[in-house]
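Engineer: The following file, final33.tsv, comprises TSV, N, CA and C atoms:
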```
chain	number	residue	atom	x	y	z
A	10	MET	N	-41.48	-54.70	-49.68
A	10	MET	CA	-40.53	-55.62	-49.08
A	10	MET	C	-39.12	-55.05	-49.26
A	11	ASP	N	-38.37	-54.92	-48.18
A	11	ASP	CA	-37.00	-54.45	-48.25
A	11	ASP	C	-36.11	-55.56	-48.79
A	12	ARG	N	-35.06	-55.20	-49.52
A	12	ARG	CA	-34.21	-56.20	-50.17
A	12	ARG	C	-32.76	-56.05	-49.75
A	13	VAL	N	-32.02	-57.14	-49.83
A	13	VAL	CA	-30.58	-57.08	-49.61
A	13	VAL	C	-29.98	-56.35	-50.80
A	14	CYS	N	-29.17	-55.32	-50.51
A	14	CYS	CA	-28.64	-54.49	-51.60
A	14	CYS	C	-27.13	-54.36	-51.57
A	15	HIS	N	-26.47	-54.87	-50.51
A	15	HIS	CA	-25.05	-54.62	-50.34
A	15	HIS	C	-24.54	-55.58	-49.27
A	16	PHE	N	-23.25	-55.75	-49.19
A	16	PHE	CA	-22.64	-56.51	-48.10
A	16	PHE	C	-21.36	-55.81	-47.69
A	17	GLU	N	-20.91	-56.10	-46.48
A	17	GLU	CA	-19.66	-55.52	-45.99
A	17	GLU	C	-18.84	-56.62	-45.31
A	18	ILE	N	-17.56	-56.60	-45.59
A	18	ILE	CA	-16.64	-57.59	-45.04
A	18	ILE	C	-15.53	-56.87	-44.29
A	19	PRO	N	-15.39	-57.14	-43.00
A	19	PRO	CA	-14.28	-56.51	-42.26
A	19	PRO	C	-12.97	-57.23	-42.58
A	20	PHE	N	-11.85	-56.50	-42.48
A	20	PHE	CA	-10.54	-57.11	-42.71
A	20	PHE	C	-9.56	-56.64	-41.64
A	21	ASP	N	-8.53	-57.44	-41.43
A	21	ASP	CA	-7.41	-57.05	-40.57
A	21	ASP	C	-6.28	-56.48	-41.42
A	22	ASP	N	-6.11	-57.01	-42.63
A	22	ASP	CA	-5.03	-56.61	-43.54
A	22	ASP	C	-5.64	-56.40	-44.92
A	23	VAL	N	-5.75	-55.16	-45.36
A	23	VAL	CA	-6.42	-54.85	-46.62
A	23	VAL	C	-5.75	-55.51	-47.81
A	24	ASP	N	-4.42	-55.55	-47.84
A	24	ASP	CA	-3.73	-56.17	-48.98
A	24	ASP	C	-4.00	-57.67	-49.04
A	25	ARG	N	-3.97	-58.31	-47.90
A	25	ARG	CA	-4.23	-59.76	-47.84
A	25	ARG	C	-5.68	-60.05	-48.26
A	26	ALA	N	-6.64	-59.26	-47.73
A	26	ALA	CA	-8.04	-59.47	-48.08
A	26	ALA	C	-8.29	-59.20	-49.56
A	27	THR	N	-7.70	-58.12	-50.07
A	27	THR	CA	-7.87	-57.78	-51.49
A	27	THR	C	-7.36	-58.91	-52.37
A	28	LYS	N	-6.17	-59.41	-52.08
A	28	LYS	CA	-5.59	-60.51	-52.86
A	28	LYS	C	-6.49	-61.74	-52.82
A	29	PHE	N	-7.01	-62.06	-51.64
A	29	PHE	CA	-7.88	-63.23	-51.50
A	29	PHE	C	-9.14	-63.10	-52.37
A	30	TYR	N	-9.89	-62.02	-52.22
A	30	TYR	CA	-11.16	-61.89	-52.94
A	30	TYR	C	-10.95	-61.69	-54.44
A	31	GLN	N	-9.84	-61.07	-54.83
A	31	GLN	CA	-9.57	-60.94	-56.26
A	31	GLN	C	-9.17	-62.28	-56.86
A	32	SER	N	-8.31	-63.02	-56.18
A	32	SER	CA	-7.82	-64.28	-56.76
A	32	SER	C	-8.85	-65.40	-56.69
A	33	VAL	N	-9.61	-65.47	-55.62
A	33	VAL	CA	-10.58	-66.56	-55.47
A	33	VAL	C	-11.85	-66.30	-56.27
A	34	PHE	N	-12.40	-65.09	-56.20
A	34	PHE	CA	-13.70	-64.81	-56.81
A	34	PHE	C	-13.63	-63.90	-58.02
A	35	GLY	N	-12.47	-63.30	-58.29
A	35	GLY	CA	-12.34	-62.41	-59.43
A	35	GLY	C	-12.95	-61.04	-59.20
A	36	TRP	N	-13.21	-60.67	-57.94
A	36	TRP	CA	-13.78	-59.37	-57.64
A	36	TRP	C	-12.77	-58.27	-57.88
A	37	HIS	N	-13.27	-57.09	-58.18
A	37	HIS	CA	-12.42	-55.91	-58.30
A	37	HIS	C	-12.55	-55.13	-56.99
A	38	ILE	N	-11.45	-54.97	-56.27
A	38	ILE	CA	-11.45	-54.25	-55.00
A	38	ILE	C	-10.75	-52.91	-55.24
A	39	MET	N	-11.41	-51.82	-54.85
A	39	MET	CA	-10.81	-50.50	-55.05
A	39	MET	C	-11.13	-49.60	-53.88
A	40	PRO	N	-10.16	-48.74	-53.51
A	40	PRO	CA	-10.39	-47.81	-52.40
A	40	PRO	C	-11.49	-46.81	-52.74
A	41	ALA	N	-12.24	-46.43	-51.72
A	41	ALA	CA	-13.24	-45.38	-51.90
A	41	ALA	C	-12.52	-44.06	-52.14
A	42	PRO	N	-13.14	-43.13	-52.84
A	42	PRO	CA	-12.48	-41.85	-53.09
A	42	PRO	C	-12.28	-41.05	-51.80
A	43	GLY	N	-11.30	-40.17	-51.84
A	43	GLY	CA	-11.03	-39.30	-50.69
A	43	GLY	C	-10.34	-40.04	-49.56
A	44	ASP	N	-10.57	-39.56	-48.36
A	44	ASP	CA	-9.92	-40.12	-47.18
A	44	ASP	C	-10.80	-41.13	-46.45
A	45	VAL	N	-11.83	-41.63	-47.10
A	45	VAL	CA	-12.74	-42.59	-46.47
A	45	VAL	C	-12.01	-43.92	-46.32
A	46	PRO	N	-11.96	-44.49	-45.11
A	46	PRO	CA	-11.26	-45.76	-44.90
A	46	PRO	C	-12.15	-46.94	-45.30
A	47	TYR	N	-12.42	-47.06	-46.58
A	47	TYR	CA	-13.37	-48.05	-47.08
A	47	TYR	C	-12.91	-48.49	-48.46
A	48	HIS	N	-13.17	-49.73	-48.81
A	48	HIS	CA	-12.85	-50.25	-50.13
A	48	HIS	C	-14.11	-50.83	-50.74
A	49	PHE	N	-14.36	-50.55	-52.01
A	49	PHE	CA	-15.50	-51.12	-52.71
A	49	PHE	C	-15.14	-52.51	-53.22
A	50	ALA	N	-16.07	-53.43	-53.14
A	50	ALA	CA	-15.91	-54.79	-53.68
A	50	ALA	C	-16.91	-54.93	-54.83
A	51	ILE	N	-16.40	-54.86	-56.04
A	51	ILE	CA	-17.25	-54.94	-57.23
A	51	ILE	C	-17.33	-56.41	-57.65
A	52	THR	N	-18.53	-56.97	-57.53
A	52	THR	CA	-18.73	-58.39	-57.82
A	52	THR	C	-19.50	-58.63	-59.11
A	53	THR	N	-20.09	-57.57	-59.63
A	53	THR	CA	-20.88	-57.66	-60.86
A	53	THR	C	-20.72	-56.35	-61.62
A	54	GLU	N	-20.87	-56.40	-62.91
A	54	GLU	CA	-20.69	-55.22	-63.75
A	54	GLU	C	-21.59	-54.08	-63.29
A	55	ILE	N	-21.03	-52.85	-63.29
A	55	ILE	CA	-21.79	-51.70	-62.82
A	55	ILE	C	-21.99	-50.68	-63.93
A	56	ASP	N	-23.04	-49.89	-63.78
A	56	ASP	CA	-23.30	-48.76	-64.66
A	56	ASP	C	-22.38	-47.63	-64.18
A	57	GLU	N	-21.50	-47.16	-65.04
A	57	GLU	CA	-20.51	-46.15	-64.65
A	57	GLU	C	-21.15	-44.82	-64.24
A	58	LYS	N	-22.39	-44.58	-64.65
A	58	LYS	CA	-23.06	-43.32	-64.32
A	58	LYS	C	-23.56	-43.29	-62.88
A	59	ASN	N	-24.11	-44.41	-62.41
A	59	ASN	CA	-24.68	-44.41	-61.06
A	59	ASN	C	-24.09	-45.50	-60.15
A	60	PHE	N	-23.14	-46.25	-60.65
A	60	PHE	CA	-22.44	-47.30	-59.92
A	60	PHE	C	-23.35	-48.43	-59.44
A	61	GLN	N	-24.54	-48.53	-60.01
A	61	GLN	CA	-25.47	-49.61	-59.65
A	61	GLN	C	-25.20	-50.84	-60.53
A	62	PRO	N	-25.44	-52.04	-60.00
A	62	PRO	CA	-25.23	-53.25	-60.81
A	62	PRO	C	-26.10	-53.26	-62.06
A	63	LYS	N	-25.51	-53.72	-63.16
A	63	LYS	CA	-26.26	-53.85	-64.41
A	63	LYS	C	-27.10	-55.12	-64.42
A	64	VAL	N	-26.68	-56.12	-63.67
A	64	VAL	CA	-27.38	-57.40	-63.64
A	64	VAL	C	-28.52	-57.34	-62.62
A	65	PRO	N	-29.76	-57.58	-63.03
A	65	PRO	CA	-30.86	-57.56	-62.07
A	65	PRO	C	-30.59	-58.54	-60.92
A	66	GLY	N	-30.76	-58.03	-59.70
A	66	GLY	CA	-30.53	-58.87	-58.52
A	66	GLY	C	-29.09	-58.92	-58.06
A	67	GLY	N	-28.17	-58.39	-58.88
A	67	GLY	CA	-26.75	-58.40	-58.50
A	67	GLY	C	-26.48	-57.37	-57.41
A	68	ILE	N	-25.54	-57.68	-56.55
A	68	ILE	CA	-25.15	-56.72	-55.51
A	68	ILE	C	-23.63	-56.63	-55.44
A	69	ASN	N	-23.17	-55.48	-55.04
A	69	ASN	CA	-21.75	-55.26	-54.77
A	69	ASN	C	-21.61	-54.98	-53.29
A	70	GLY	N	-20.39	-54.83	-52.84
A	70	GLY	CA	-20.19	-54.63	-51.42
A	70	GLY	C	-19.03	-53.74	-51.11
A	71	GLY	N	-18.57	-53.86	-49.89
A	71	GLY	CA	-17.45	-53.07	-49.43
A	71	GLY	C	-16.68	-53.79	-48.36
A	72	MET	N	-15.50	-53.27	-48.08
A	72	MET	CA	-14.64	-53.83	-47.05
A	72	MET	C	-14.10	-52.70	-46.20
A	73	TYR	N	-13.94	-52.96	-44.92
A	73	TYR	CA	-13.42	-51.94	-44.02
A	73	TYR	C	-12.56	-52.57	-42.94
A	74	GLN	N	-11.73	-51.75	-42.31
A	74	GLN	CA	-10.81	-52.20	-41.27
A	74	GLN	C	-11.60	-52.70	-40.06
A	75	ARG	N	-11.31	-53.93	-39.65
A	75	ARG	CA	-11.93	-54.49	-38.45
A	75	ARG	C	-11.36	-53.74	-37.24
A	76	MET	N	-12.22	-53.31	-36.36
A	76	MET	CA	-11.80	-52.57	-35.18
A	76	MET	C	-11.64	-53.54	-34.01
A	77	PRO	N	-10.54	-53.44	-33.27
A	77	PRO	CA	-10.36	-54.31	-32.11
A	77	PRO	C	-11.52	-54.14	-31.13
A	78	GLY	N	-12.12	-55.26	-30.77
A	78	GLY	CA	-13.24	-55.22	-29.84
A	78	GLY	C	-14.51	-54.63	-30.43
A	79	GLY	N	-14.47	-54.31	-31.74
A	79	GLY	CA	-15.63	-53.72	-32.39
A	79	GLY	C	-16.74	-54.73	-32.60
A	80	ALA	N	-17.90	-54.22	-32.93
A	80	ALA	CA	-19.07	-55.07	-33.09
A	80	ALA	C	-18.97	-55.96	-34.32
A	81	SER	N	-18.36	-55.46	-35.39
A	81	SER	CA	-18.39	-56.19	-36.65
A	81	SER	C	-17.20	-57.12	-36.82
A	82	ARG	N	-17.38	-58.36	-36.42
A	82	ARG	CA	-16.33	-59.38	-36.55
A	82	ARG	C	-16.57	-60.27	-37.76
A	83	THR	N	-17.76	-60.23	-38.32
A	83	THR	CA	-18.13	-61.09	-39.44
A	83	THR	C	-18.77	-60.24	-40.54
A	84	PRO	N	-18.94	-60.80	-41.73
A	84	PRO	CA	-19.60	-60.04	-42.79
A	84	PRO	C	-21.00	-59.56	-42.37
A	85	VAL	N	-21.41	-58.46	-42.97
A	85	VAL	CA	-22.69	-57.83	-42.66
A	85	VAL	C	-23.49	-57.72	-43.95
A	86	ILE	N	-24.76	-58.15	-43.92
A	86	ILE	CA	-25.62	-57.88	-45.07
A	86	ILE	C	-26.25	-56.51	-44.85
A	87	VAL	N	-26.51	-55.82	-45.94
A	87	VAL	CA	-27.11	-54.49	-45.87
A	87	VAL	C	-28.44	-54.55	-46.61
A	88	ILE	N	-29.47	-54.05	-45.94
A	88	ILE	CA	-30.83	-54.10	-46.47
A	88	ILE	C	-31.28	-52.69	-46.83
A	89	GLU	N	-31.74	-52.54	-48.07
A	89	GLU	CA	-32.25	-51.25	-48.53
A	89	GLU	C	-33.67	-51.05	-48.01
A	90	THR	N	-33.93	-49.87	-47.51
A	90	THR	CA	-35.24	-49.55	-46.95
A	90	THR	C	-35.64	-48.14	-47.37
A	91	PRO	N	-36.92	-47.86	-47.47
A	91	PRO	CA	-37.33	-46.52	-47.89
A	91	PRO	C	-37.05	-45.45	-46.83
A	92	SER	N	-36.93	-45.84	-45.56
A	92	SER	CA	-36.62	-44.88	-44.49
A	92	SER	C	-35.74	-45.55	-43.45
A	93	CYS	N	-34.48	-45.19	-43.44
A	93	CYS	CA	-33.53	-45.77	-42.48
A	93	CYS	C	-33.95	-45.42	-41.05
A	94	GLU	N	-34.37	-44.19	-40.85
A	94	GLU	CA	-34.79	-43.75	-39.51
A	94	GLU	C	-35.97	-44.57	-39.01
A	95	GLN	N	-36.97	-44.79	-39.86
A	95	GLN	CA	-38.13	-45.57	-39.46
A	95	GLN	C	-37.74	-47.02	-39.19
A	96	ARG	N	-36.87	-47.58	-40.04
A	96	ARG	CA	-36.50	-48.98	-39.87
A	96	ARG	C	-35.70	-49.19	-38.59
A	97	VAL	N	-34.89	-48.20	-38.19
A	97	VAL	CA	-34.19	-48.28	-36.91
A	97	VAL	C	-35.21	-48.36	-35.77
A	98	LYS	N	-36.25	-47.53	-35.84
A	98	LYS	CA	-37.31	-47.59	-34.82
A	98	LYS	C	-38.00	-48.95	-34.81
A	99	ASP	N	-38.24	-49.50	-36.01
A	99	ASP	CA	-38.88	-50.81	-36.12
A	99	ASP	C	-38.01	-51.89	-35.48
A	100	VAL	N	-36.71	-51.82	-35.72
A	100	VAL	CA	-35.77	-52.79	-35.14
A	100	VAL	C	-35.82	-52.72	-33.62
A	101	GLN	N	-35.78	-51.52	-33.08
A	101	GLN	CA	-35.82	-51.35	-31.63
A	101	GLN	C	-37.14	-51.88	-31.05
A	102	ALA	N	-38.24	-51.59	-31.72
A	102	ALA	CA	-39.54	-52.04	-31.25
A	102	ALA	C	-39.65	-53.57	-31.26
A	103	ALA	N	-38.93	-54.20	-32.17
A	103	ALA	CA	-38.96	-55.67	-32.28
A	103	ALA	C	-37.92	-56.35	-31.39
A	104	GLY	N	-37.16	-55.57	-30.61
A	104	GLY	CA	-36.19	-56.17	-29.68
A	104	GLY	C	-34.75	-56.10	-30.13
A	105	GLY	N	-34.48	-55.51	-31.29
A	105	GLY	CA	-33.11	-55.35	-31.76
A	105	GLY	C	-32.49	-54.11	-31.15
A	106	THR	N	-31.21	-53.89	-31.43
A	106	THR	CA	-30.52	-52.73	-30.88
A	106	THR	C	-29.80	-51.96	-31.99
A	107	VAL	N	-29.51	-50.70	-31.71
A	107	VAL	CA	-28.80	-49.85	-32.65
A	107	VAL	C	-27.32	-49.86	-32.30
A	108	ILE	N	-26.48	-50.10	-33.30
A	108	ILE	CA	-25.03	-50.04	-33.11
A	108	ILE	C	-24.52	-48.65	-33.49
A	109	SER	N	-24.96	-48.16	-34.66
A	109	SER	CA	-24.53	-46.84	-35.13
A	109	SER	C	-25.55	-46.26	-36.10
A	110	GLY	N	-25.56	-44.94	-36.17
A	110	GLY	CA	-26.42	-44.26	-37.13
A	110	GLY	C	-27.84	-44.10	-36.61
A	111	PRO	N	-28.68	-43.67	-37.51
A	111	PRO	CA	-28.45	-43.40	-38.92
A	111	PRO	C	-27.54	-42.19	-39.12
A	112	GLU	N	-26.68	-42.31	-40.14
A	112	GLU	CA	-25.81	-41.20	-40.50
A	112	GLU	C	-25.81	-41.03	-42.01
A	113	THR	N	-25.73	-39.78	-42.44
A	113	THR	CA	-25.74	-39.47	-43.86
A	113	THR	C	-24.36	-39.70	-44.45
A	114	ILE	N	-24.32	-40.42	-45.56
A	114	ILE	CA	-23.10	-40.61	-46.34
A	114	ILE	C	-23.24	-39.64	-47.51
A	115	PRO	N	-22.48	-38.54	-47.52
A	115	PRO	CA	-22.67	-37.49	-48.52
A	115	PRO	C	-22.69	-38.01	-49.96
A	116	GLY	N	-23.68	-37.57	-50.68
A	116	GLY	CA	-23.81	-37.92	-52.08
A	116	GLY	C	-24.32	-39.33	-52.34
A	117	MET	N	-24.62	-40.09	-51.28
A	117	MET	CA	-25.03	-41.48	-51.47
A	117	MET	C	-26.35	-41.82	-50.77
A	118	GLY	N	-26.40	-41.69	-49.44
A	118	GLY	CA	-27.61	-42.07	-48.73
A	118	GLY	C	-27.44	-42.01	-47.23
A	119	ILE	N	-28.25	-42.77	-46.53
A	119	ILE	CA	-28.23	-42.82	-45.06
A	119	ILE	C	-27.98	-44.27	-44.65
A	120	TYR	N	-27.09	-44.46	-43.64
A	120	TYR	CA	-26.69	-45.80	-43.23
A	120	TYR	C	-26.77	-45.94	-41.72
A	121	ALA	N	-27.16	-47.11	-41.27
A	121	ALA	CA	-27.16	-47.46	-39.85
A	121	ALA	C	-26.78	-48.93	-39.72
A	122	GLN	N	-26.25	-49.30	-38.57
A	122	GLN	CA	-26.04	-50.71	-38.25
A	122	GLN	C	-26.84	-51.03	-37.00
A	123	VAL	N	-27.51	-52.17	-37.05
A	123	VAL	CA	-28.34	-52.64	-35.94
A	123	VAL	C	-28.03	-54.11	-35.68
A	124	THR	N	-28.54	-54.61	-34.56
A	124	THR	CA	-28.50	-56.06	-34.35
A	124	THR	C	-29.93	-56.56	-34.33
A	125	ASP	N	-30.09	-57.79	-34.81
A	125	ASP	CA	-31.39	-58.44	-34.70
A	125	ASP	C	-31.49	-59.08	-33.31
A	126	VAL	N	-32.56	-59.80	-33.05
A	126	VAL	CA	-32.76	-60.41	-31.74
A	126	VAL	C	-31.84	-61.60	-31.49
A	127	GLU	N	-31.11	-62.04	-32.51
A	127	GLU	CA	-30.15	-63.13	-32.36
A	127	GLU	C	-28.72	-62.61	-32.22
A	128	GLY	N	-28.55	-61.29	-32.23
A	128	GLY	CA	-27.23	-60.69	-32.10
A	128	GLY	C	-26.48	-60.50	-33.40
A	129	ASN	N	-27.13	-60.81	-34.54
A	129	ASN	CA	-26.51	-60.61	-35.85
A	129	ASN	C	-26.52	-59.14	-36.22
A	130	ILE	N	-25.44	-58.68	-36.83
A	130	ILE	CA	-25.37	-57.28	-37.27
A	130	ILE	C	-25.96	-57.17	-38.67
A	131	ILE	N	-26.79	-56.17	-38.85
A	131	ILE	CA	-27.43	-55.91	-40.13
A	131	ILE	C	-27.24	-54.43	-40.45
A	132	GLY	N	-26.84	-54.14	-41.68
A	132	GLY	CA	-26.78	-52.76	-42.14
A	132	GLY	C	-28.12	-52.35	-42.71
A	133	LEU	N	-28.48	-51.11	-42.52
A	133	LEU	CA	-29.70	-50.54	-43.11
A	133	LEU	C	-29.28	-49.39	-44.02
A	134	TRP	N	-29.85	-49.35	-45.21
A	134	TRP	CA	-29.45	-48.36	-46.21
A	134	TRP	C	-30.67	-47.68	-46.81
A	135	GLN	N	-30.60	-46.37	-46.91
A	135	GLN	CA	-31.62	-45.58	-47.61
A	135	GLN	C	-30.91	-44.80	-48.69
A	136	ASN	N	-31.28	-45.02	-49.94
A	136	ASN	CA	-30.66	-44.29	-51.04
A	136	ASN	C	-30.93	-42.80	-50.91
A	137	LEU	N	-29.98	-42.00	-51.31
A	137	LEU	CA	-30.13	-40.54	-51.24
A	137	LEU	C	-31.36	-40.09	-52.02
A	138	SER	N	-31.64	-40.73	-53.15
A	138	SER	CA	-32.78	-40.34	-53.97
A	138	SER	C	-34.09	-40.48	-53.20
A	139	SER	N	-34.17	-41.43	-52.25
A	139	SER	CA	-35.41	-41.60	-51.49
A	139	SER	C	-35.45	-40.70	-50.26
A	140	CYS	N	-34.36	-39.99	-49.97
A	140	CYS	CA	-34.32	-39.10	-48.81
A	140	CYS	C	-35.18	-37.87	-49.04
A	141	ASP	N	-35.39	-37.50	-50.30
A	141	ASP	CA	-36.15	-36.29	-50.62
A	141	ASP	C	-37.62	-36.57	-50.88
A	142	GLU	N	-37.99	-37.85	-50.92
A	142	GLU	CA	-39.36	-38.20	-51.26
A	142	GLU	C	-40.28	-38.07	-50.07
```
Show how you would write the structure in this file as structure tokens.
Structural biologist:
Amino acid sequence: MDRVCHFEIPFDDVDRATKFYQSVFGWHIMPAPGDVPYHFAITTEIDEKNFQPKVPGGINGGMYQRMPGGASRTPVIVIETPSCEQRVKDVQAAGGTVISGPETIPGMGIYAQVTDVEGNIIGLWQNLSSCDE
């Protein structure tokens, strides 16, 4: 069974969004390393070695710039799967559509965005460790 492992929240103003989620929920928001236009949303304590949540069932997320006219206008849940490529095919076979990917995120895994048959956007994630299996 695939599980929800991450979430993503689009923003129009990163400073405003950061202030909101930090002040309301106490989350730690931090920019991704390098030139990646992404911010991590830490909602639960993480293991500093692998950045995975220490609390069983806990998930963290991310935030990114909302694109004008882009597909992602609302938060997106991300589901971990053993094969992102296969799950994209499964989505298409079941009547969903592919928005983007699958694409490799260096040092992390493979990511795609799809829509379900109701038009909801869902992220699909394959950990890098399962890419070699």
Engineer: Given the choices A:Ile131, A:Val87, A:Phe34, A:Lys58, which gets closest to A:Val100 if the distance is worked out from only C-alpha atoms?
Structural biologist: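 Looking at the shortest contact to A:Val100, the residue is A:Ile131.
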Engineer: Which neighbours of A:Tyr47 fall inside 6 Å, counting all atoms listed in the file, when residues of the same chain fewer than 4 positions from it are skipped, and could you give them as a PyMOL selection string?
Structural biologist: chain A and resi 39-41+72-73
Engineer: Could you save those same residues with N, CA and C atoms as a PDB file, keeping the file's coordinate frame?
Structural biologist:
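File again_20.pdb, as written:
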```pdb
ATOM      1  N   MET A  39     -11.410 -51.820 -54.850  1.00  0.00           N
ATOM      2  CA  MET A  39     -10.810 -50.500 -55.050  1.00  0.00           C
ATOM      3  C   MET A  39     -11.130 -49.600 -53.880  1.00  0.00           C
ATOM      4  N   PRO A  40     -10.160 -48.740 -53.510  1.00  0.00           N
ATOM      5  CA  PRO A  40     -10.390 -47.810 -52.400  1.00  0.00           C
ATOM      6  C   PRO A  40     -11.490 -46.810 -52.740  1.00  0.00           C
ATOM      7  N   ALA A  41     -12.240 -46.430 -51.720  1.00  0.00           N
ATOM      8  CA  ALA A  41     -13.240 -45.380 -51.900  1.00  0.00           C
ATOM      9  C   ALA A  41     -12.520 -44.060 -52.140  1.00  0.00           C
ATOM     10  N   MET A  72     -15.500 -53.270 -48.080  1.00  0.00           N
ATOM     11  CA  MET A  72     -14.640 -53.830 -47.050  1.00  0.00           C
ATOM     12  C   MET A  72     -14.100 -52.700 -46.200  1.00  0.00           C
ATOM     13  N   TYR A  73     -13.940 -52.960 -44.920  1.00  0.00           N
ATOM     14  CA  TYR A  73     -13.420 -51.940 -44.020  1.00  0.00           C
ATOM     15  C   TYR A  73     -12.560 -52.570 -42.940  1.00  0.00           C
TER      16      TYR A  73
END
```
Engineer: Can you pull out every residue from stretch 18-102 of chain A that DSSP, working from the backbone, puts in strand (DSSP E), and format the result as a list in words?
Structural biologist: Ile18, Pro19, Phe20, His37, Ile38, Met39, Pro40, Tyr47, His48, Phe49, Ala50, Ile51, Asn69, Gly70, Gly71, Met72, Tyr73, Gln74, Val85, Ile86, Val87, Ile88 and Glu89 of chain A
Engineer: Which residue gives the smallest distance to A:Val85 among A:Leu137, A:Val13, A:Ile130, A:Ile114, with only N, CA and C atoms counted?
Structural biologist: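 Result for the nearest residue to A:Val85: A:Ile130.
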Engineer: Pull the neighbourhood of (-29.3, -53.5, -46.7) for me: all residues within 12 Å in file coordinates, counting only C-alpha atoms, as a ChimeraX atom specification.
Structural biologist: /A:10-17,68-70,85-93,96,118-123,130-136
Engineer: Quote the spacing between atom CA of A:His37 and atom CA of A:Pro65 in Å to one decimal place.
Structural biologist: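 Value for the atom CA of A:His37-atom CA of A:Pro65 distance: 18.9 Å.
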Engineer: Please tell me which residues are no farther than 8 Å from (-18.8, -59.0, -39.6) in the file, counting only C-alpha atoms, and write them as an mmCIF file with N, CA and C atoms, keeping the file's coordinate frame.
Structural biologist:
```
data_model
loop_
_atom_site.group_PDB
_atom_site.id
_atom_site.type_symbol
_atom_site.label_atom_id
_atom_site.label_comp_id
_atom_site.auth_asym_id
_atom_site.auth_seq_id
_atom_site.Cartn_x
_atom_site.Cartn_y
_atom_site.Cartn_z
ATOM 1 N N GLU A 17 -20.910 -56.100 -46.480
ATOM 2 C CA GLU A 17 -19.660 -55.520 -45.990
ATOM 3 C C GLU A 17 -18.840 -56.620 -45.310
ATOM 4 N N ILE A 18 -17.560 -56.600 -45.590
ATOM 5 C CA ILE A 18 -16.640 -57.590 -45.040
ATOM 6 C C ILE A 18 -15.530 -56.870 -44.290
ATOM 7 N N PRO A 19 -15.390 -57.140 -43.000
ATOM 8 C CA PRO A 19 -14.280 -56.510 -42.260
ATOM 9 C C PRO A 19 -12.970 -57.230 -42.580
ATOM 10 N N ALA A 80 -17.900 -54.220 -32.930
ATOM 11 C CA ALA A 80 -19.070 -55.070 -33.090
ATOM 12 C C ALA A 80 -18.970 -55.960 -34.320
ATOM 13 N N SER A 81 -18.360 -55.460 -35.390
ATOM 14 C CA SER A 81 -18.390 -56.190 -36.650
ATOM 15 C C SER A 81 -17.200 -57.120 -36.820
ATOM 16 N N ARG A 82 -17.380 -58.360 -36.420
ATOM 17 C CA ARG A 82 -16.330 -59.380 -36.550
ATOM 18 C C ARG A 82 -16.570 -60.270 -37.760
ATOM 19 N N THR A 83 -17.760 -60.230 -38.320
ATOM 20 C CA THR A 83 -18.130 -61.090 -39.440
ATOM 21 C C THR A 83 -18.770 -60.240 -40.540
ATOM 22 N N PRO A 84 -18.940 -60.800 -41.730
ATOM 23 C CA PRO A 84 -19.600 -60.040 -42.790
ATOM 24 C C PRO A 84 -21.000 -59.560 -42.370
ATOM 25 N N VAL A 85 -21.410 -58.460 -42.970
ATOM 26 C CA VAL A 85 -22.690 -57.830 -42.660
ATOM 27 C C VAL A 85 -23.490 -57.720 -43.950
ATOM 28 N N ILE A 130 -25.440 -58.680 -36.830
ATOM 29 C CA ILE A 130 -25.370 -57.280 -37.270
ATOM 30 C C ILE A 130 -25.960 -57.170 -38.670
#
```
Engineer: Based on DSSP run over this structure's backbone, return all residues of stretch 94-134 of chain A in alpha helix (DSSP H), as a list in words.
Structural biologist: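 Across stretch 94-134 of chain A, those assigned alpha helix (DSSP H) are Glu94, Gln95, Arg96, Val97, Lys98, Asp99, Val100, Gln101 and Ala102 of chain A.
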